[in-house]
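Contents: one structure, followed by commentary.
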Amino acid sequence: MKRQVPLVLCFVFGIAMIFTRFSPHSVSQWIYEEVISWILIIGPFALVLATVTLIQTHTTRIRRRTEHWQYSLVVFAGLIIMVLIGVPFGPQNSIFEWLYNNVQLPMDATMFSLLAFFIASAAYRAFRARTFEASLLLLTAVVVMMGNVPIGDFIWNTIMSWSPWTDKVSEARQWILDNPNLSARRGIILGVSLGVISQSIRIILGIERSYLGGGD
Amino acid sequence: MDLWSSIGIWVAAFLTLSIYSVLYRDNPFYRFAEHLFVGVSVGYGIVLSIYQGFIPFAWKPFTAAMTGESLTGFIKLIPIGIGLLFFARLSPRHTWLIRYPIAILIGFGSGIAIPNVLRANIFEQTRGTIEPFAAIYAGTLAGWGIFEAVLMVVGVVCTLIYFFFSTEHRGPVKWLSKVGIAFLMIGFGSAFGNTVMGRVALLIQRVDFLLSDWLHIIQ
């Protein structure tokens, strides 16, 4: 009951998805669409559980007065304001949209842009053309970065003004992306895909059971 | 510009600068913005999943069934019940019940992955790799195009050989896998270059916002 039923459910839903994907019959397509809608219903419950866990974690931090516990109140403030405005009035509500455009969106973009500094710092420390492979990686990265911006062609033309290859860095970038880069990516994609398929078969057949966790 | 737009720009500028302040060192402004970001993002995720998942796929069919419009809506009680089992996690005695919805999600994901990955990632990628040879055979591809087609096949095969561990990498396999490493390095270099430029583009956009929308230094 505790382990066998989940294994059966996993098998049934896995096989159903494979079967309905290959069968064009209308019943099969109805089952496919119905299961998709089931997943879209079940999924949000997992998010709510994750939120409950987040609330528990921060409540514990506040109760125990751990270091920087005051910031847990900020988490709650952000969460509660978004939910109190968004759930009753919907995501089209003007206040909800204002919060999204002026609070979440700028922070999201800024957080991701921080990586530019960390990547530059890490690259400065780690990038050393010690071997042929490392030099290849460095050279490719430089060409791709230079080819991405107009100033790249300007720098290239200034340095290579004596050569016949002017305005070539953006072309070189595109050629690298379309040929050697694409072939390496295809190799990785093919390898990963074979791994995904074999792992999926193992899960559906109940050979891989780690998702059930420990215990009886 | 109305008052709310102006307040919005000031709030966004304050939060942007608060996050960038971590570049100097960890400080209360950054911690405030970081925690606010977590709270707001989770809240936004809940609202979207309710309005794009729960309401159209569960609530509306269920209310339609209740009013007698379409009785098939009662079927939605099954996934709602399965979803509620997630909360068994909060009761130590009934924690095992969470395996049911997880097993369904995992089974669904695995089942849908097989045909989709087969089609999109294996058949299509293989087709894209060997398709130029049809053009070579038809005589529509020549010179540099042939070189690129051969280079593509060599790159894909050598990359796969590098990841093939069922045989020891000695002799020709070793050299082919070395060629595979060279292709991989070009791939990683390209990915690195594109990632850096993507992040720099975001940085430029934020600086543009600060200088243009907030401070009006540039137009």
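Each chain in the structure tokens gets a letter, A, B and so on, in the order shown; residues start at 1 in every chain, and ligands are counted from 1 in the order they appear.
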
(message) Only residues of chain A matter here; which ones have an atom within 6 Å of chain B, counting only C-alpha atoms? Give them as number ranges by chain.
(response) A: 6, 9-10, 13-14, 17-18, 37-38, 40-42, 44-45, 74-75, 78-79, 82-83, 86-87, 102-103, 106, 113, 116, 137, 140-141, 144-145, 180-181, 183-184, 187, 190, 197, 200, 212

(request) Write out as number ranges by chain which residues come within 8 Å of A:Leu7 when counting only C-alpha atoms, dropping same-chain ones fewer than 3 positions away. (result) A: 3-4, 10-11, 204, 206; B: 103
